[in-house]
Structure formats: C-alpha cells, structure tokens
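Take a look at the structure set out below.
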Amino acid sequence: MPLTLHNVSAAAPDDPNRRLLSDVSLAFEDGTVTLLVGRTGSGKSTLLQLLAGMRPPSSGEIRLNDEPLWRRRRVTQPLLLQLGLTFQFPEQQLFARSVRQEFGYSLRPYGLTAMEKEQRIQSACEDLGLGAAFDPDRSPFALSGGQRRRLALATTIAASPDWLLMDEPTAGLESAAAKELLRYVQARKAAKGGIMIATHDLDLFLPLADRVIVLDCGTIAADGTPAALCGNPEPFVQAGVGLPSCVLLSHALARNGITPIPEGKLSPEDMADAIAERLKERRGVAINVASIPAECPDGNPESESKSNKSELHAPPPPQSQAAGLSQEGEHPPAAAKSLWYRLDPRTNWLLYLFMVLGAMLQSSWLGLVCAALPVAAVYIGLSRSALVGAVKILKPLAWFMAISVGLAGLEWTASSGFPFVGFSLENSLATGLNVFRLFLITIASYWFAATTPYGRMVQGLAWGLGYAKRLKLPTDSFALAVSLMFKFIPMIVREWQRFSDIVRARGKAAIRPGTVRGRDMPALVVPLLLALFHRAEEMTSALEMKKIGSRTALLGHTDSLRLTRADGLAIVSGILLLGGLAALRG
Ligand SMILES: Nc1ncnc2c1ncn2[C@@H]1O[C@H](COP(=O)(O)OP(=O)(O)OP(=O)(O)O)[C@@H](O)[C@H]1O
C-alpha cells in the first residue's frame, strides 16, 4: 500500500504566494523507514502534515493505496485510520483524567473491543518501555515530563497505523527511552506500511533507515540510502544538516592514515568492528601516512576541500526560512501590504482607543451599530490569516452572546404554585446591548493585535507612557500588563490552530481542516489552556526579568517611530468619527 506524492506543493496559510513545499514527487513503499532531514524551517513538518492528511496540498496529488487522499476538501475516515502522526512536543496533547482514557481517545475511531484495546495499550506501553512503571488509572499529569512524552507517542503507536509519521520523536527523550523507540521502529519495519521520521538526530536513526530524504527550502535536495549519502555527504552539508558522526569519524581516521570505513557501516558497533579490522590490517601492512593528504577524507583532495568550503560557506537561510525563525509576531505577514500594517504604532494605538471609546460611549442600539461601522471598516485589507484568526475568536464569542442574550430574557414566575417560564424581550435586549459592546471591543482589540507587531506596539506605548512617567505615574506595571495582553491575543489563535490539528490527527475526524468536532473539545481545550498558562507564566517572567534588568528596557526605544501623511489622515478621520459617535450619544 504505497503512499505517493505527485508534484505536490504547499503554500503558507497566511500567504498563498509563499511556498513551503515546491513540486515534490515521492513514493513510499511498504516496509521502509524513511528519514526526513533538513535544517529548521526546511519543510519537514509540513511534508509530514500533508502525508497525514492534516492539510491539503495547494497543488498536486497525494495518494494512498492508489486512492486520492483528498476528496471534496476532506480525507475519508478509512484512509485517516491508516495514517498516524505524532507531533513535536507530543506531551502537550495530553488532556484526560487517566492514562487509560488518554489511550481510549486515540483508539476510539478504531472501534476495538475492550479486550483488544487493553492489549493494544499493554503492547504500546511495553514497546516504549513504559511497562511496569505504568498504572493505566493514574493521571497522565502525575507522570514525569519524559514519561508523558512517551505516553503521548504510545497513544499513536497503540492505534497501529499503517503509516507512522513521527515529527522529532526523540527531542527531549532520555537516551534509554530513545533506544526503546529505536527498537520499536526496528521491530515494526516488517509490518505493512512504513515509518517516516522527521529528525535532526541523524546519528540515532541513520543505522536503521532505508532511505534518507534531504529537504532544503521546501524542495528535495537529495534522496538515497544512508550508505549512498554517507559516501557522498555533500547534500547534508549543502542543506545545513551537518555531517553524521560516521562520516566525521571516517574522515578523521583517513587523516590518521586509516583507510575510510566501508560504506554502510553506520552504527557505532559496525564502525568499531570496521576500525578493529583496519587496525589488524595495519599491523600487517605498513601504511605510509605521509602519502595521504592531511585534508583528504577519501583520497580525493578535491572532494574534501569542496565539502569544507560548503560547510564554511553554507548558503544563507532562504527568506522563507528567515521568516520562520523570526520572533513571533515581530513582522507583519509578507502579504500584508494594506495601510493598517504600514501605519505608525501610535496611530494604531489611537485608532484602537477611538474604536473602544466610540463603542463605550453608546447606550442605544443605533449608536452601537454606528460604532460597529468603523470597526468593520478597519478589517478591509487585512491578510487572509488575520481574517481567519478573527473568525476563530469571534465565532465562540458570537455563540456566547447569543446564549447570554437568550438566558437573560428568561423569567421565572410561580403563578398558582406552578413554576412558569416566561421571556422578557426588554431584559434580553438590555443584556444584548452590553454583550454587543464587548463584542465590538474584542473585534477592535484583535484588529490592533493583528496589525501591530508586538515590538512596535510596545514602542508606541512607550512613547505615550514617557509623558505619564514625567508626571510620576506608575507606568511600568501598566506597560507590563498591556504588553502581555496584546502578545497573548495572536498567541491564542496560533495555539488553537496547533491543538486543533492535534485533535484532528488523534480523533481521525473526516472534517475540513480548521474545524473541530464538539466531542473533541475537551481534548482541545484542556491542553490549549495548559499551554497558554505555561506561555503566560514564561512571558511574565521574561518581561519581569527585563524590567528588573533595566527600568526602560521593557518599554524599548522610540527612535524608529515616524508619523507620515497617511498617519495624519488616519488620526484626523478617527477623531472625526469619534466626535460623530460622541454627538450621537448626546
Ligand atoms: N501555519 C504556518 N503559517 C505560516 N508559515 C508556516 C506555517 N507552518 C510552517 N510555516 C513555515 O513553513 C516553513 C517550514 O516549516 P516546517 O515546520 O515544515 O519546517 P521544519 O523543517 O519542520 O522545521 P523544524 O525542524 O524547525 O521543525 C517555515 O518557514 C515556517 O515558518
């Protein structure tokens, strides 16, 4: 049952013109272990997610057992059941009250009997060396970090998918646990389907891999057996992966006059045997060390100097990758050409405050509808990803609004001893007015967070607070709270996206990407909240540290702030609109 990609490309969700993968054609055969290697941001996770049916390709086709994976923007459940994806930091996906329930969630789509489930759990725990230490009724949160990581991997392994796709499975695993995983991969090789591992840990996985695919800027830079690539390791160097230890050792031995280790000796044990063999030969034959050039690994001075050169002059990371490495939220998306992204942050602050004040001032529905118009207008020209993020935040808020308005209208009366439920439109509308105001303020806040990179936001704030400081007002704590709040809003959207991908992969729901089933909500919300608490804690400490280090560091520098004509126009329009809204209230 081969898994194939034909001319597959993938675009960035926030910019259809930015390609994360370009024209990739690959075929994966049963019984193979394939490594995906490449520097960070080269597209390994993107490729795994495409193969797992997590996101559709922007062009090209993916087929499993000769059937197209995607039909009408969905992957059918029978195909999804054959694919198992483990994410980076898998321990963050845990949510259930017990280890057994955690497995239960991952196994539910497979319709197994209770006994089959129990066997799968036992076997997956043993496979990952969790056996004896593991009580299925224990809370997963009572486990150590490494055990949680293994448990999360075990939940996918227990489902026994034909194609097991693992993203950095050994990151953060202790060496013994990594060896258990290695043993599992080795043992599973004979089963139907195959295994794909995106990894930076070449040394660990090379000896058992059948194939290595080197990715560079979303394209296939090399595709071959480990032995062939170690024999000609230039693609590793070109793609910024670095040379595996077996190649480095071979080079070092050659420099010391020991003939390079034959191809295919990739594990420490095999290399040790080969070295012992060479040393035995050496005792018999006197080797003229001086005849081997000092810089030459394989007797070919050209290849070494070439490889050294490329190591020293590795190509700079491509733009797309540089973007991937940049600070979260520090740069607007590439597609972001609209006016809002180009304004000075002080203008964005003012427009945001005008929108909030405009909404706060209104006490009638007519006033609120008028206040909603400029809030809607500023969304014109936002990038696609910003709009998608806004919908994600606003949808649950709209539900909350509808439910609150409905509940607020309910009236309980006890006439003739019977409880009677009535409905007061007046009460309902009064609540609706307040909730709608909150809705507008949230939309305005999201607009501000989406259009103003965090660093610029802080600069704008610093400028304003500079004046407050002169009046001896306590500005630092205020700055800290505001900075945290605005850094947090886009982070919620990103984390929601990440965890909704994880529950889709675990729950095997044949639904469109970006949607989540009601029954998957606990598996989404619990890890999401935990991750957000964790991030909030980290951010608060980091910002506090900055504050302690220097009272002004938190607020940053304001030298790069420049007001342009467009800023002037935007501010004047904002003031006029606010004046109009204030008059409306009067
Ligand atoms: N949801 C997204 N929106 C925009 N860009 C994205 C998104 N996901 C990934 N990218 C970009 O796609 C490129 C490839 O990312 P990917 O995660 O596939 O790389 P990787 O090789 O797995 O990196 P690593 O080794 O760090 O995990 C990066 O430049 C990244 O910034």
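In the structure tokens, each chain is lettered A, B, ... as it comes, each chain's residues begin at 1, and ligands are numbered from 1 in order of appearance.
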### Query
Residues at most 7 Å from Gly240 of chain A, counting only C-alpha atoms, excluding those fewer than 2 positions away in the same chain, as an MDAnalysis selection string?
chainID A and resid 38:39 236:238 242 314
Can those selected residues be exported to a file as a PDB file, in the first residue's frame so that it contains C-alpha atoms?
ATOM      1  CA  GLY A  38      16.950  19.343   6.666  1.00  0.00           C
ATOM      2  CA  ARG A  39      17.668  22.478   8.577  1.00  0.00           C
ATOM      3  CA  PHE A 236      23.973  17.078   4.051  1.00  0.00           C
ATOM      4  CA  VAL A 237      26.402  19.965   4.110  1.00  0.00           C
ATOM      5  CA  GLN A 238      24.596  21.960   1.424  1.00  0.00           C
ATOM      6  CA  GLY A 242      25.840  18.776   9.253  1.00  0.00           C
ATOM      7  CA  ALA A 314      26.706  27.181   3.653  1.00  0.00           C
TER       8      ALA A 314
END
### Message
Show me which residues line ligand 1, defined as having an atom within 8 Å of a ligand atom where only C-alpha atoms and all ligand atoms count, and present them as an NGL selection string.
### Response
:A and (12-15 or 19-21 or 37-47 or 88 or 167-168 or 198-200 or 215 or 217-218 or 320-325 or 494)
Would you mind exporting C-alpha atoms of the selected residues as a compact mmCIF listing (two decimals), in the first residue's frame?
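The resulting file, out.txt, is reproduced below:
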# COMPACT_ATOMS: atom_id res chain seq x y z
CA ALA A 12 1.76 29.15 3.68
CA PRO A 13 -1.70 29.53 5.22
CA ASP A 14 -1.24 33.29 5.56
CA ASP A 15 0.28 33.89 2.14
CA ARG A 19 5.64 28.13 -0.97
CA LEU A 20 6.58 25.91 1.94
CA LEU A 21 7.00 22.90 -0.37
CA VAL A 37 16.22 15.70 7.35
CA GLY A 38 16.95 19.34 6.67
CA ARG A 39 17.67 22.48 8.58
CA THR A 40 14.97 24.05 10.69
CA GLY A 41 12.21 25.54 8.54
CA SER A 42 13.09 23.38 5.50
CA GLY A 43 9.58 21.89 5.37
CA LYS A 44 9.85 18.54 7.19
CA SER A 45 6.81 19.06 9.43
CA THR A 46 4.84 20.49 6.52
CA LEU A 47 5.58 17.37 4.46
CA GLN A 88 6.61 17.77 18.13
CA ASP A 167 7.95 14.59 13.95
CA GLU A 168 11.12 14.88 16.05
CA ALA A 198 11.49 13.97 10.62
CA THR A 199 14.59 14.36 12.71
CA HIS A 200 17.74 16.30 13.45
CA LEU A 215 14.91 18.80 2.31
CA CYS A 217 13.84 25.27 1.34
CA GLY A 218 10.85 23.07 0.60
CA SER A 320 11.03 31.98 3.89
CA GLN A 321 13.12 30.29 6.50
CA ALA A 322 14.36 33.51 7.94
CA ALA A 323 10.74 34.45 8.36
CA GLY A 324 10.15 31.18 10.14
CA LEU A 325 12.95 31.93 12.57
CA ARG A 494 -1.78 30.11 16.89
#### Entry: strand (DSSP E or B) positions in segment 38-264 of chain A, given as a PyMOL selection string
chain A and resi 59-64+67-68+70-71+74-75+83-86+163-167+194-198+211-216+219-224
### Message
So that I can check the surroundings of Met521 of chain A, please list as a ChimeraX atom specification every protein, DNA and RNA residue that reaches within 12 Å of it, counting only C-alpha atoms and ignoring chain neighbours fewer than 6 positions away.
### Response
/A:95-96,105,496,499-500,502-504,507,515,527-529
### Query
Counting only C-alpha atoms, which of A:Leu85, A:Glu495, A:Pro68, A:Arg211 gets nearest to Ile393 of chain A?
A:Glu495
#### Entry: Nearest residue to Cys125 of chain A from the set A:Met457, A:Ala377, A:Ile275, A:Val99 (distances using only C-alpha atoms)
A:Val99
### Query
Which residues, written as JSON, numbers by chain, have at least one atom at most 12 Å from Leu366 of chain A, with only C-alpha atoms counted and residues fewer than 4 positions away on the same chain left out?
{"A": [359, 361, 362, 370, 371, 372, 373, 433, 436, 581, 584, 585]}
Okay, now the selection with C-alpha atoms, as a compact mmCIF listing (two decimals), in the first residue's frame?
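Saved result, selection.txt, follows:
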# COMPACT_ATOMS: atom_id res chain seq x y z
CA ALA A 359 -18.30 51.71 21.50
CA LEU A 361 -19.99 55.84 24.68
CA GLN A 362 -23.07 54.28 23.11
CA CYS A 370 -22.82 53.19 14.06
CA ALA A 371 -19.81 52.39 16.29
CA ALA A 372 -19.61 49.00 14.57
CA LEU A 373 -19.14 50.56 11.12
CA LEU A 433 -26.56 45.76 24.24
CA PHE A 436 -22.54 43.55 21.75
CA LEU A 581 -20.15 58.95 17.81
CA LEU A 584 -24.78 60.52 18.57
CA ARG A 585 -24.76 59.64 22.24
Write out as an mmCIF file with C-alpha atoms, in the first residue's frame which residues come within 12 Å of Ile380 of chain A when counting only C-alpha atoms, dropping same-chain ones fewer than 6 positions away.
data_model
loop_
_atom_site.group_PDB
_atom_site.id
_atom_site.type_symbol
_atom_site.label_atom_id
_atom_site.label_comp_id
_atom_site.auth_asym_id
_atom_site.auth_seq_id
_atom_site.Cartn_x
_atom_site.Cartn_y
_atom_site.Cartn_z
ATOM 1 C CA ALA A 336 0.411 42.449 4.469
ATOM 2 C CA LYS A 337 0.546 45.430 2.167
ATOM 3 C CA SER A 338 -2.548 47.238 3.370
ATOM 4 C CA LEU A 339 -2.419 50.640 5.039
ATOM 5 C CA TRP A 340 -3.036 49.307 8.552
ATOM 6 C CA TYR A 341 0.241 47.389 8.595
ATOM 7 C CA LEU A 373 -19.137 50.557 11.125
ATOM 8 C CA PRO A 374 -15.579 51.908 11.616
ATOM 9 C CA ALA A 386 -5.643 37.631 10.201
ATOM 10 C CA LEU A 387 -9.224 37.312 8.988
ATOM 11 C CA TRP A 447 -7.529 44.210 14.786
ATOM 12 C CA THR A 451 -1.908 44.850 12.526
#
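If you look at atom CA of Leu26 of chain A and atom CA of Ile62 of chain A, they are 9.5 Å away from each other.
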### Query
Do you know which residues are at most 6 Å from segment 420-426 of chain A counting only C-alpha atoms, after dropping those on the same chain fewer than 2 positions away, and could you put them as a ChimeraX atom specification?
/A:409-414,428-429
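The spacing separating atom CA of Arg150 of chain A from atom CA of Gly129 of chain A amounts to 8.5 Å.
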### Query
segment 140-293 of chain A: which residues are helix (DSSP H, G or I) by DSSP, as a PyMOL selection string?
chain A and resi 140-142+145-158+175-188+202-208+226-231+234-238+245-255+268-284+289-291
### Message
With distances taken over only C-alpha atoms, which residue among A:Leu343, A:Ile220, A:Ile121, A:Ala190 lies nearest Arg565 of chain A?
### Response
A:Leu343
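Here the question is which of A:Gly514, A:Ile157, A:Leu249, A:Leu36 gets nearest to Lys392 of chain A using only C-alpha atoms, and that residue is A:Gly514.
Residue neighbourhood of Ala444 of chain A, excluding near-sequence residues (fewer than 4 positions): Tyr352, Met355, Val356, Val375, Leu440 and Phe448 of chain A, at 8 Å, using only C-alpha atoms.
The interatomic distance for the pair atom CA of Pro235 of chain A and atom CA of Val212 of chain A works out to 10.9 Å.
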